[in-house]
>>> print(open('structure.pdb').read())   # PDB, C-alpha atoms (C1' of nucleotides)
ATOM      1  CA  MET A   1     -22.761  24.119 -38.644
ATOM      2  CA  ASP A   2     -26.541  24.172 -38.374
ATOM      3  CA  ALA A   3     -29.372  22.067 -37.013
ATOM      4  CA  ILE A   4     -28.876  19.471 -39.756
ATOM      5  CA  ASP A   5     -25.207  19.014 -38.868
ATOM      6  CA  GLU A   6     -26.196  18.658 -35.241
ATOM      7  CA  ALA A   7     -28.632  15.893 -36.103
ATOM      8  CA  ILE A   8     -25.898  14.144 -38.070
ATOM      9  CA  VAL A   9     -23.404  14.445 -35.219
ATOM     10  CA  GLN A  10     -25.922  13.102 -32.761
ATOM     11  CA  CYS A  11     -26.701  10.175 -34.991
ATOM     12  CA  VAL A  12     -23.071   9.075 -35.334
ATOM     13  CA  LEU A  13     -22.533   9.777 -31.645
ATOM     14  CA  ARG A  14     -25.235   7.220 -30.882
ATOM     15  CA  ASP A  15     -23.926   4.739 -33.455
ATOM     16  CA  ALA A  16     -20.817   5.464 -35.469
ATOM     17  CA  ARG A  17     -21.578   2.529 -37.771
ATOM     18  CA  SER A  18     -24.887   3.963 -38.988
ATOM     19  CA  THR A  19     -25.370   3.817 -42.733
ATOM     20  CA  TYR A  20     -25.651   7.086 -44.641
ATOM     21  CA  ALA A  21     -29.314   6.279 -45.251
ATOM     22  CA  GLU A  22     -29.904   6.133 -41.483
ATOM     23  CA  ILE A  23     -27.914   9.321 -40.933
ATOM     24  CA  GLY A  24     -29.894  10.998 -43.681
ATOM     25  CA  ARG A  25     -33.192   9.888 -42.143
ATOM     26  CA  ALA A  26     -32.135  11.376 -38.802
ATOM     27  CA  ALA A  27     -31.290  14.660 -40.518
ATOM     28  CA  GLY A  28     -34.042  14.791 -43.122
ATOM     29  CA  LEU A  29     -31.620  14.272 -46.020
ATOM     30  CA  SER A  30     -30.904  11.773 -48.769
ATOM     31  CA  ALA A  31     -28.011   9.379 -48.227
ATOM     32  CA  PRO A  32     -25.552  11.139 -50.598
ATOM     33  CA  ALA A  33     -26.311  14.509 -49.023
ATOM     34  CA  ALA A  34     -25.752  13.029 -45.575
ATOM     35  CA  LYS A  35     -22.406  11.626 -46.730
ATOM     36  CA  ARG A  36     -21.266  14.981 -48.094
ATOM     37  CA  ARG A  37     -22.200  16.688 -44.821
ATOM     38  CA  LEU A  38     -20.447  14.100 -42.691
ATOM     39  CA  ASP A  39     -17.371  14.143 -44.925
ATOM     40  CA  ARG A  40     -17.212  17.904 -44.518
ATOM     41  CA  LEU A  41     -17.561  17.637 -40.728
ATOM     42  CA  VAL A  42     -14.655  15.181 -40.669
ATOM     43  CA  ALA A  43     -12.572  17.294 -43.063
ATOM     44  CA  ASP A  44     -12.908  20.478 -41.023
ATOM     45  CA  GLY A  45     -12.196  18.674 -37.750
ATOM     46  CA  THR A  46     -15.617  19.002 -36.130
ATOM     47  CA  VAL A  47     -15.740  15.196 -36.112
ATOM     48  CA  ARG A  48     -12.271  13.955 -35.146
ATOM     49  CA  GLY A  49     -12.911  10.288 -35.876
ATOM     50  CA  PHE A  50     -14.925   7.209 -34.996
ATOM     51  CA  THR A  51     -14.180   4.698 -32.233
ATOM     52  CA  ALA A  52     -15.571   1.785 -30.350
ATOM     53  CA  LEU A  53     -16.603   1.893 -26.705
ATOM     54  CA  VAL A  54     -14.769  -1.029 -25.171
ATOM     55  CA  ASP A  55     -15.426  -2.614 -21.802
ATOM     56  CA  THR A  56     -11.926  -2.123 -20.436
ATOM     57  CA  GLN A  57     -12.574  -4.430 -17.484
ATOM     58  CA  ALA A  58     -13.270  -7.213 -19.955
ATOM     59  CA  LEU A  59      -9.749  -7.206 -21.285
ATOM     60  CA  GLY A  60      -7.781  -6.829 -18.153
ATOM     61  CA  TRP A  61      -7.573  -3.039 -17.720
ATOM     62  CA  ARG A  62      -8.704  -3.285 -14.098
ATOM     63  CA  THR A  63      -6.775  -0.498 -12.404
ATOM     64  CA  GLU A  64      -7.106   3.222 -12.926
ATOM     65  CA  ALA A  65      -6.129   6.378 -11.120
ATOM     66  CA  PHE A  66      -6.239  10.141 -11.242
ATOM     67  CA  ALA A  67      -3.023  12.034 -10.555
ATOM     68  CA  GLU A  68      -2.667  15.714  -9.822
ATOM     69  CA  VAL A  69       0.647  16.838 -11.221
ATOM     70  CA  TYR A  70       2.739  19.737  -9.959
ATOM     71  CA  CYS A  71       5.311  21.136 -12.371
ATOM     72  CA  LYS A  72       8.695  22.692 -11.863
ATOM     73  CA  GLY A  73       9.356  25.973 -13.623
ATOM     74  CA  ASN A  74       6.418  26.974 -15.776
ATOM     75  CA  PRO A  75       6.237  24.660 -18.766
ATOM     76  CA  THR A  76       3.880  25.464 -21.622
ATOM     77  CA  PRO A  77       0.857  23.185 -22.101
ATOM     78  CA  ALA A  78       2.614  21.899 -25.234
ATOM     79  CA  GLU A  79       5.682  20.771 -23.282
ATOM     80  CA  LEU A  80       3.518  19.090 -20.687
ATOM     81  CA  ARG A  81       1.522  17.333 -23.375
ATOM     82  CA  ARG A  82       4.692  16.098 -25.071
ATOM     83  CA  ASP A  83       5.973  14.528 -21.861
ATOM     84  CA  LEU A  84       2.629  12.991 -20.882
ATOM     85  CA  GLU A  85       1.987  11.598 -24.350
ATOM     86  CA  ALA A  86       5.135   9.514 -23.967
ATOM     87  CA  VAL A  87       3.315   7.457 -21.322
ATOM     88  CA  PRO A  88       0.736   5.275 -23.080
ATOM     89  CA  GLU A  89      -1.169   4.585 -19.853
ATOM     90  CA  VAL A  90      -2.227   8.260 -19.783
ATOM     91  CA  VAL A  91      -5.702   8.335 -21.327
ATOM     92  CA  GLU A  92      -6.653  11.904 -20.433
ATOM     93  CA  ALA A  93      -4.763  14.983 -19.309
ATOM     94  CA  TYR A  94      -5.861  18.552 -18.626
ATOM     95  CA  THR A  95      -4.227  21.656 -17.268
ATOM     96  CA  VAL A  96      -6.329  23.059 -14.457
ATOM     97  CA  SER A  97      -6.748  26.005 -12.144
ATOM     98  CA  GLY A  98      -6.039  25.542  -8.455
ATOM     99  CA  ALA A  99      -2.979  24.289  -6.634
ATOM    100  CA  ALA A 100      -2.111  21.508  -9.072
ATOM    101  CA  ASP A 101      -0.978  22.280 -12.611
ATOM    102  CA  ALA A 102      -2.647  19.336 -14.326
ATOM    103  CA  ILE A 103      -4.889  16.347 -13.797
ATOM    104  CA  VAL A 104      -4.075  13.089 -15.546
ATOM    105  CA  HIS A 105      -6.218   9.991 -15.836
ATOM    106  CA  LEU A 106      -4.262   6.722 -16.026
ATOM    107  CA  MET A 107      -5.372   3.209 -16.938
ATOM    108  CA  ALA A 108      -3.328   0.096 -16.173
ATOM    109  CA  LEU A 109      -3.646  -3.662 -16.014
ATOM    110  CA  ASP A 110      -3.000  -3.920 -12.277
ATOM    111  CA  ILE A 111      -1.358  -2.092  -9.385
ATOM    112  CA  PRO A 112       2.267  -2.859 -10.328
ATOM    113  CA  HIS A 113       1.559  -1.684 -13.865
ATOM    114  CA  LEU A 114      -0.071   1.495 -12.532
ATOM    115  CA  GLU A 115       2.890   2.140 -10.271
ATOM    116  CA  ARG A 116       5.291   1.867 -13.210
ATOM    117  CA  ALA A 117       3.119   4.259 -15.241
ATOM    118  CA  ILE A 118       3.052   6.846 -12.444
ATOM    119  CA  GLN A 119       6.788   6.380 -12.100
ATOM    120  CA  ARG A 120       7.221   7.237 -15.775
ATOM    121  CA  VAL A 121       5.022  10.321 -15.409
ATOM    122  CA  ARG A 122       7.154  11.517 -12.497
ATOM    123  CA  GLU A 123      10.312  11.025 -14.547
ATOM    124  CA  ALA A 124       9.175  13.699 -17.013
ATOM    125  CA  ARG A 125      11.577  16.618 -16.956
ATOM    126  CA  VAL A 126       8.877  19.237 -16.351
ATOM    127  CA  ILE A 127       7.165  17.384 -13.514
ATOM    128  CA  GLU A 128       8.016  17.971  -9.893
ATOM    129  CA  ARG A 129       5.675  15.629  -8.072
ATOM    130  CA  THR A 130       2.297  13.904  -8.325
ATOM    131  CA  GLU A 131      -0.532  13.132  -5.954
ATOM    132  CA  SER A 132      -2.684  10.158  -6.913
ATOM    133  CA  VAL A 133      -6.008   8.644  -6.013
ATOM    134  CA  ILE A 134      -7.084   5.171  -7.072
ATOM    135  CA  VAL A 135     -10.387   4.755  -8.907
ATOM    136  CA  LEU A 136     -12.645   2.371  -7.024
ATOM    137  CA  SER A 137     -15.455   2.139  -9.553
ATOM    138  CA  GLY A 138     -16.502   3.825 -12.758
ATOM    139  CA  LEU A 139     -19.930   5.407 -12.340
ATOM    140  CA  ILE A 140     -20.506   7.289 -15.596
ATOM    141  CA  ASN A 141     -18.730   7.556 -18.923
ATOM    142  CA  ARG A 142     -20.854   9.428 -21.440
ATOM    143  CA  PRO A 143     -19.836  10.091 -25.028
ATOM    144  CA  ARG A 144     -19.114  13.783 -25.501
ATOM    145  CA  VAL A 145     -21.336  15.600 -26.174
TER
ATOM    146  CA  MET B   1     -11.198 -13.502 -26.345
ATOM    147  CA  ASP B   2      -7.942 -14.193 -28.137
ATOM    148  CA  ALA B   3      -5.365 -12.407 -30.275
ATOM    149  CA  ILE B   4      -7.787 -12.266 -33.221
ATOM    150  CA  ASP B   5     -10.444 -10.519 -31.128
ATOM    151  CA  GLU B   6      -7.811  -8.079 -29.928
ATOM    152  CA  ALA B   7      -6.875  -7.228 -33.488
ATOM    153  CA  ILE B   8     -10.542  -6.649 -34.296
ATOM    154  CA  VAL B   9     -11.037  -4.431 -31.247
ATOM    155  CA  GLN B  10      -7.983  -2.399 -32.122
ATOM    156  CA  CYS B  11      -9.158  -1.968 -35.669
ATOM    157  CA  VAL B  12     -12.578  -0.593 -34.679
ATOM    158  CA  LEU B  13     -10.938   1.465 -31.952
ATOM    159  CA  ARG B  14      -8.873   3.195 -34.638
ATOM    160  CA  ASP B  15     -11.853   3.553 -36.983
ATOM    161  CA  ALA B  16     -15.307   2.406 -35.984
ATOM    162  CA  ARG B  17     -16.516   2.816 -39.569
ATOM    163  CA  SER B  18     -14.075   0.239 -40.972
ATOM    164  CA  THR B  19     -15.642  -2.202 -43.408
ATOM    165  CA  TYR B  20     -15.750  -5.871 -42.436
ATOM    166  CA  ALA B  21     -13.210  -6.536 -45.190
ATOM    167  CA  GLU B  22     -10.791  -4.080 -43.521
ATOM    168  CA  ILE B  23     -11.463  -5.550 -40.087
ATOM    169  CA  GLY B  24     -10.896  -9.011 -41.506
ATOM    170  CA  ARG B  25      -7.621  -7.951 -43.112
ATOM    171  CA  ALA B  26      -6.417  -6.570 -39.757
ATOM    172  CA  ALA B  27      -7.279  -9.855 -38.076
ATOM    173  CA  GLY B  28      -6.328 -12.318 -40.814
ATOM    174  CA  LEU B  29      -9.955 -13.288 -41.459
ATOM    175  CA  SER B  30     -12.527 -13.123 -44.229
ATOM    176  CA  ALA B  31     -15.192 -10.423 -44.032
ATOM    177  CA  PRO B  32     -18.024 -12.718 -42.873
ATOM    178  CA  ALA B  33     -15.833 -14.247 -40.175
ATOM    179  CA  ALA B  34     -14.851 -10.757 -39.009
ATOM    180  CA  LYS B  35     -18.528  -9.778 -38.828
ATOM    181  CA  ARG B  36     -19.393 -12.865 -36.789
ATOM    182  CA  ARG B  37     -16.535 -12.117 -34.353
ATOM    183  CA  LEU B  38     -17.481  -8.456 -33.999
ATOM    184  CA  ASP B  39     -21.168  -9.304 -33.574
ATOM    185  CA  ARG B  40     -20.211 -11.688 -30.790
ATOM    186  CA  LEU B  41     -18.011  -9.051 -29.091
ATOM    187  CA  VAL B  42     -20.943  -6.615 -29.177
ATOM    188  CA  ALA B  43     -23.421  -9.266 -27.978
ATOM    189  CA  ASP B  44     -21.353 -10.254 -24.937
ATOM    190  CA  GLY B  45     -20.650  -6.634 -24.020
ATOM    191  CA  THR B  46     -16.911  -6.537 -24.702
ATOM    192  CA  VAL B  47     -17.666  -3.845 -27.277
ATOM    193  CA  ARG B  48     -20.313  -1.538 -25.792
ATOM    194  CA  GLY B  49     -20.974   0.440 -28.943
ATOM    195  CA  PHE B  50     -19.540   2.774 -31.552
ATOM    196  CA  THR B  51     -19.288   6.575 -31.333
ATOM    197  CA  ALA B  52     -17.810   9.611 -32.967
ATOM    198  CA  LEU B  53     -15.053  11.723 -31.445
ATOM    199  CA  VAL B  54     -16.411  15.246 -31.603
ATOM    200  CA  ASP B  55     -14.445  18.447 -31.195
ATOM    201  CA  THR B  56     -16.477  19.828 -28.306
ATOM    202  CA  GLN B  57     -14.897  23.275 -28.604
ATOM    203  CA  ALA B  58     -16.248  23.463 -32.139
ATOM    204  CA  LEU B  59     -19.817  23.338 -30.967
ATOM    205  CA  GLY B  60     -19.692  25.670 -28.068
ATOM    206  CA  TRP B  61     -18.768  23.332 -25.189
ATOM    207  CA  ARG B  62     -15.987  25.650 -24.042
ATOM    208  CA  THR B  63     -16.025  25.217 -20.272
ATOM    209  CA  GLU B  64     -15.173  22.127 -18.287
ATOM    210  CA  ALA B  65     -14.288  21.301 -14.728
ATOM    211  CA  PHE B  66     -13.407  18.504 -12.356
ATOM    212  CA  ALA B  67     -15.232  18.347  -9.040
ATOM    213  CA  GLU B  68     -14.292  16.272  -6.024
ATOM    214  CA  VAL B  69     -17.478  15.302  -4.278
ATOM    215  CA  TYR B  70     -17.857  14.548  -0.590
ATOM    216  CA  CYS B  71     -20.900  12.535   0.428
ATOM    217  CA  LYS B  72     -23.054  12.529   3.508
ATOM    218  CA  GLY B  73     -23.750   9.181   5.091
ATOM    219  CA  ASN B  74     -22.268   6.379   3.046
ATOM    220  CA  PRO B  75     -24.246   5.998  -0.156
ATOM    221  CA  THR B  76     -23.656   2.999  -2.393
ATOM    222  CA  PRO B  77     -21.966   3.616  -5.748
ATOM    223  CA  ALA B  78     -25.352   2.879  -7.355
ATOM    224  CA  GLU B  79     -27.088   5.667  -5.409
ATOM    225  CA  LEU B  80     -24.322   8.091  -6.291
ATOM    226  CA  ARG B  81     -24.536   7.126  -9.951
ATOM    227  CA  ARG B  82     -28.291   7.604  -9.978
ATOM    228  CA  ASP B  83     -27.988  11.139  -8.614
ATOM    229  CA  LEU B  84     -25.097  12.131 -10.892
ATOM    230  CA  GLU B  85     -26.732  10.677 -14.005
ATOM    231  CA  ALA B  86     -29.574  13.151 -13.490
ATOM    232  CA  VAL B  87     -27.167  15.941 -14.411
ATOM    233  CA  PRO B  88     -26.492  15.751 -18.148
ATOM    234  CA  GLU B  89     -23.381  17.948 -17.908
ATOM    235  CA  VAL B  90     -21.634  15.123 -16.015
ATOM    236  CA  VAL B  91     -19.606  13.272 -18.631
ATOM    237  CA  GLU B  92     -17.533  11.082 -16.307
ATOM    238  CA  ALA B  93     -17.776  10.055 -12.684
ATOM    239  CA  TYR B  94     -15.713   7.708 -10.534
ATOM    240  CA  THR B  95     -15.616   6.753  -6.894
ATOM    241  CA  VAL B  96     -12.082   7.121  -5.590
ATOM    242  CA  SER B  97      -9.830   6.446  -2.638
ATOM    243  CA  GLY B  98      -8.562   9.381  -0.604
ATOM    244  CA  ALA B  99     -10.387  12.183   1.164
ATOM    245  CA  ALA B 100     -13.019  12.748  -1.536
ATOM    246  CA  ASP B 101     -15.640  10.122  -2.300
ATOM    247  CA  ALA B 102     -15.869  10.715  -6.031
ATOM    248  CA  ILE B 103     -14.435  12.695  -8.914
ATOM    249  CA  VAL B 104     -16.779  14.044 -11.553
ATOM    250  CA  HIS B 105     -15.892  15.563 -14.899
ATOM    251  CA  LEU B 106     -18.333  18.237 -16.110
ATOM    252  CA  MET B 107     -18.725  19.909 -19.491
ATOM    253  CA  ALA B 108     -20.688  23.092 -20.064
ATOM    254  CA  LEU B 109     -21.201  25.829 -22.614
ATOM    255  CA  ASP B 110     -19.810  28.627 -20.448
ATOM    256  CA  ILE B 111     -19.198  29.594 -16.844
ATOM    257  CA  PRO B 112     -22.842  30.350 -15.929
ATOM    258  CA  HIS B 113     -23.868  27.012 -17.408
ATOM    259  CA  LEU B 114     -21.094  25.252 -15.476
ATOM    260  CA  GLU B 115     -22.166  26.959 -12.277
ATOM    261  CA  ARG B 116     -25.733  25.752 -12.742
ATOM    262  CA  ALA B 117     -24.506  22.219 -13.391
ATOM    263  CA  ILE B 118     -22.372  22.191 -10.250
ATOM    264  CA  GLN B 119     -25.347  23.593  -8.391
ATOM    265  CA  ARG B 120     -27.454  20.672  -9.544
ATOM    266  CA  VAL B 121     -24.763  18.199  -8.478
ATOM    267  CA  ARG B 122     -24.680  19.754  -5.023
ATOM    268  CA  GLU B 123     -28.447  19.462  -4.747
ATOM    269  CA  ALA B 124     -28.227  15.676  -4.896
ATOM    270  CA  ARG B 125     -29.489  14.128  -1.682
ATOM    271  CA  VAL B 126     -26.350  12.065  -1.061
ATOM    272  CA  ILE B 127     -23.876  14.885  -1.676
ATOM    273  CA  GLU B 128     -22.524  17.063   1.084
ATOM    274  CA  ARG B 129     -20.171  19.419  -0.732
ATOM    275  CA  THR B 130     -17.955  19.693  -3.785
ATOM    276  CA  GLU B 131     -14.554  21.175  -4.558
ATOM    277  CA  SER B 132     -14.008  22.162  -8.163
ATOM    278  CA  VAL B 133     -11.155  23.082 -10.450
ATOM    279  CA  ILE B 134     -11.637  24.612 -13.885
ATOM    280  CA  VAL B 135     -10.005  22.943 -16.882
ATOM    281  CA  LEU B 136      -7.712  25.393 -18.660
ATOM    282  CA  SER B 137      -6.811  23.239 -21.653
ATOM    283  CA  GLY B 138      -7.287  19.670 -22.784
ATOM    284  CA  LEU B 139      -3.892  18.022 -23.344
ATOM    285  CA  ILE B 140      -4.714  14.403 -24.136
ATOM    286  CA  ASN B 141      -7.873  12.419 -24.775
ATOM    287  CA  ARG B 142      -7.036   8.935 -26.015
ATOM    288  CA  PRO B 143      -9.607   6.314 -26.924
ATOM    289  CA  ARG B 144      -9.567   3.531 -24.339
ATOM    290  CA  VAL B 145      -7.707   1.283 -24.567
TER
ATOM    291  C1'  DC C   1     -31.628  14.839 -55.990
ATOM    292  C1'  DT C   2     -31.420  10.985 -59.067
ATOM    293  C1'  DT C   3     -28.756   7.438 -61.438
ATOM    294  C1'  DG C   4     -26.033   3.300 -62.264
ATOM    295  C1'  DA C   5     -21.941   0.660 -61.497
ATOM    296  C1'  DA C   6     -18.885  -1.032 -58.018
ATOM    297  C1'  DA C   7     -18.295  -2.201 -53.268
ATOM    298  C1'  DC C   8     -20.184  -3.908 -49.117
ATOM    299  C1'  DG C   9     -23.257  -6.407 -45.767
ATOM    300  C1'  DT C  10     -25.461 -10.539 -44.871
ATOM    301  C1'  DC C  11     -27.031 -15.143 -45.154
ATOM    302  C1'  DG C  12     -26.857 -20.124 -46.024
ATOM    303  C1'  DC C  13     -24.099 -23.880 -46.913
ATOM    304  C1'  DC C  14     -20.114 -26.631 -46.750
ATOM    305  C1'  DG C  15     -15.541 -28.268 -44.853
ATOM    306  C1'  DC C  16     -12.325 -28.671 -41.234
ATOM    307  C1'  DG C  17     -10.450 -29.462 -36.472
TER
ATOM    308  C1'  DC D   1     -20.272 -28.371 -32.504
ATOM    309  C1'  DG D   2     -17.753 -24.251 -32.950
ATOM    310  C1'  DC D   3     -15.446 -21.641 -36.363
ATOM    311  C1'  DG D   4     -13.794 -20.089 -40.749
ATOM    312  C1'  DG D   5     -14.137 -19.799 -45.998
ATOM    313  C1'  DC D   6     -16.978 -19.376 -50.177
ATOM    314  C1'  DG D   7     -20.600 -17.816 -53.125
ATOM    315  C1'  DA D   8     -24.926 -15.262 -54.016
ATOM    316  C1'  DC D   9     -28.279 -11.717 -53.426
ATOM    317  C1'  DG D  10     -30.027  -7.340 -51.691
ATOM    318  C1'  DT D  11     -28.320  -2.989 -49.981
ATOM    319  C1'  DT D  12     -25.204   0.787 -49.672
ATOM    320  C1'  DT D  13     -21.733   3.678 -51.319
ATOM    321  C1'  DC D  14     -20.094   7.129 -54.347
ATOM    322  C1'  DA D  15     -19.038   9.803 -58.438
ATOM    323  C1'  DA D  16     -21.251  11.634 -62.461
ATOM    324  C1'  DG D  17     -24.983  13.859 -64.497
TER
END
>>> encode(input="structure.pdb", output="structure tokens")
Amino acid sequence: MDAIDEAIVQCVLRDARSTYAEIGRAAGLSAPAAKRRLDRLVADGTVRGFTALVDTQALGWRTEAFAEVYCKGNPTPAELRRDLEAVPEVVEAYTVSGAADAIVHLMALDIPHLERAIQRVREARVIERTESVIVLSGLINRPRV
Amino acid sequence: MDAIDEAIVQCVLRDARSTYAEIGRAAGLSAPAAKRRLDRLVADGTVRGFTALVDTQALGWRTEAFAEVYCKGNPTPAELRRDLEAVPEVVEAYTVSGAADAIVHLMALDIPHLERAIQRVREARVIERTESVIVLSGLINRPRV
DNA sequence: CTTGAAACGTCGCCGCG
DNA sequence: CGCGGCGACGTTTCAAG
């Protein structure tokens, strides 16, 4: 992982559909060399994959929320992940410091759909209760990093 | 926007580097037809772009946090966005219902870096105070949708 | 890094509803 | 007239040298 790899990562971060020639130009490499580097980055997990950025509003995903979750007992992060993964509306989840045990980000089609999703989260065996706030508007959503 | 477009979106969501032949196969179309559809989805903003999913831990981004921000006065979402965009460590930001005005997701290299980033957020003219929690571990991070 | 063959992207043209 | 298939040409990919 050096400056060349960083240039490659930044190039595919900006446009995942770049050709290897473009990636190579950004990194000062030939196309085959760029491909070998990128293949290696994918193989060792530094690059986890390639996706599209979709305007979720445009196909109906109009309602989102953040929920603080409080657990019962002290489940491991792995147990919590297992239970939260079962709810497809959960797009992000993190264990956190502070009063709550985790923060989960939910996306749904509308309010009834969101309510059902939160309901399913609360049904998880390791979860005691949740405290939710509705997202009013998305301000920023930058690709990481 | 029909079932064919949805199939295309899902295909590039799973792998943004899919060939047009693969996208076409997923949607029951020829490669040129798939390209025309995808080009149209990009042109009208339904697909905002294509990125890589990077393992942020792997290149040093080891510290993240969520901050609830409380504003002074009542800034518009646009003003809030402008001020938060000035801080590159802010990867997500949303206005929300509830006591806080917004939730912002920050990523930093380490604790001192995070502290400086939060400092910069608090310096924004429209922001009164913030309340932060540190992320202990990332459980889920699904591509949307 | 360069090469060459196979695969892919891209464009124009035609046919269909 | 929008939309999809087909064919052709230049470009890119990719494995071998």
>>> resolve_selection(input="structure.pdb", expression="the PyMOL selection byres ((chain B) within 10 of (chain D))", output="list in words")
Leu29, Ser30, Ala31, Pro32, Ala33, Ala34, Arg36 and Arg37 of chain B
>>> resolve_selection(input="structure.pdb", expression="the PyMOL selection byres ((chain B) within 8 of (chain A))", output="MDAnalysis selection string")
chainID B and resid 9 12:17 45:56 58:59 77:78 80:81 85 90:98 133:145
>>> closest_atom_pairs(input="structure.pdb", of="chain C", to="chain A", cutoff="12 Å", atoms="all atoms listed in the file", output="Markdown table")
| residue | atom | partner | partner_atom | distance |
| --- | --- | --- | --- | --- |
| C:DC1 | C1' | A:Ser30 | CA | 7.9 |
| C:DT2 | C1' | A:Pro32 | CA | 10.3 |
| C:DT3 | C1' | A:Pro32 | CA | 11.9 |
| C:DC8 | C1' | A:Thr19 | CA | 11.3 |
| C:DG9 | C1' | A:Thr19 | CA | 10.9 |
>>> residues_around(input="structure.pdb", residues="Ile118 in chain B", least_positions_apart="5", cutoff="9 Å", atoms="only C-alpha atoms (C1' of nucleotides)", output="PyMOL selection string")
chain B and resi 67+87+89+106+113+123+130+132
>>> atom_distance(input="structure.pdb", atom1="CA of Ala117 in chain A", atom2="CA of Arg62 in chain A")
14.1 Å
>>> atom_distance(input="structure.pdb", atom1="CA of Glu128 in chain A", atom2="CA of Tyr70 in chain B")
27.7 Å
>>> atom_distance(input="structure.pdb", atom1="CA of Glu68 in chain B", atom2="CA of Glu131 in chain B")
5.1 Å
>>> build_atoms(input="structure.pdb", residues="range 65-77 of chain B", atoms="N, CA, C and O atoms", output="mmCIF file, in the coordinates of the input")
data_model
loop_
_atom_site.group_PDB
_atom_site.id
_atom_site.type_symbol
_atom_site.label_atom_id
_atom_site.label_comp_id
_atom_site.auth_asym_id
_atom_site.auth_seq_id
_atom_site.Cartn_x
_atom_site.Cartn_y
_atom_site.Cartn_z
ATOM 1 N N ALA B 65 -14.828 21.272 -16.085
ATOM 2 C CA ALA B 65 -14.288 21.301 -14.728
ATOM 3 C C ALA B 65 -14.242 19.891 -14.160
ATOM 4 O O ALA B 65 -14.933 18.991 -14.647
ATOM 5 N N PHE B 66 -13.371 19.716 -13.160
ATOM 6 C CA PHE B 66 -13.407 18.504 -12.356
ATOM 7 C C PHE B 66 -13.875 18.887 -10.965
ATOM 8 O O PHE B 66 -13.455 19.915 -10.417
ATOM 9 N N ALA B 67 -14.764 18.087 -10.392
ATOM 10 C CA ALA B 67 -15.232 18.347 -9.040
ATOM 11 C C ALA B 67 -14.997 17.113 -8.171
ATOM 12 O O ALA B 67 -15.371 16.006 -8.551
ATOM 13 N N GLU B 68 -14.354 17.330 -7.035
ATOM 14 C CA GLU B 68 -14.292 16.272 -6.024
ATOM 15 C C GLU B 68 -15.580 16.347 -5.243
ATOM 16 O O GLU B 68 -15.965 17.441 -4.807
ATOM 17 N N VAL B 69 -16.259 15.228 -5.080
ATOM 18 C CA VAL B 69 -17.478 15.302 -4.278
ATOM 19 C C VAL B 69 -17.324 14.517 -2.978
ATOM 20 O O VAL B 69 -16.720 13.457 -2.932
ATOM 21 N N TYR B 70 -17.856 15.137 -1.930
ATOM 22 C CA TYR B 70 -17.857 14.548 -0.590
ATOM 23 C C TYR B 70 -19.300 14.215 -0.245
ATOM 24 O O TYR B 70 -20.177 15.061 -0.350
ATOM 25 N N CYS B 71 -19.530 12.981 0.174
ATOM 26 C CA CYS B 71 -20.900 12.535 0.428
ATOM 27 C C CYS B 71 -21.271 12.648 1.899
ATOM 28 O O CYS B 71 -20.408 12.689 2.771
ATOM 29 N N LYS B 72 -22.591 12.683 2.131
ATOM 30 C CA LYS B 72 -23.054 12.529 3.508
ATOM 31 C C LYS B 72 -23.595 11.119 3.668
ATOM 32 O O LYS B 72 -24.176 10.553 2.751
ATOM 33 N N GLY B 73 -23.421 10.588 4.897
ATOM 34 C CA GLY B 73 -23.750 9.181 5.091
ATOM 35 C C GLY B 73 -22.760 8.360 4.278
ATOM 36 O O GLY B 73 -21.675 8.824 3.945
ATOM 37 N N ASN B 74 -23.118 7.133 3.958
ATOM 38 C CA ASN B 74 -22.268 6.379 3.046
ATOM 39 C C ASN B 74 -23.107 5.723 1.966
ATOM 40 O O ASN B 74 -23.441 4.558 2.034
ATOM 41 N N PRO B 75 -23.418 6.507 0.942
ATOM 42 C CA PRO B 75 -24.246 5.998 -0.156
ATOM 43 C C PRO B 75 -23.505 4.906 -0.922
ATOM 44 O O PRO B 75 -22.278 4.894 -0.972
ATOM 45 N N THR B 76 -24.264 4.001 -1.518
ATOM 46 C CA THR B 76 -23.656 2.999 -2.393
ATOM 47 C C THR B 76 -23.267 3.685 -3.702
ATOM 48 O O THR B 76 -23.832 4.716 -4.056
ATOM 49 N N PRO B 77 -22.304 3.086 -4.435
ATOM 50 C CA PRO B 77 -21.966 3.616 -5.748
ATOM 51 C C PRO B 77 -23.200 3.762 -6.640
ATOM 52 O O PRO B 77 -23.328 4.732 -7.382
#
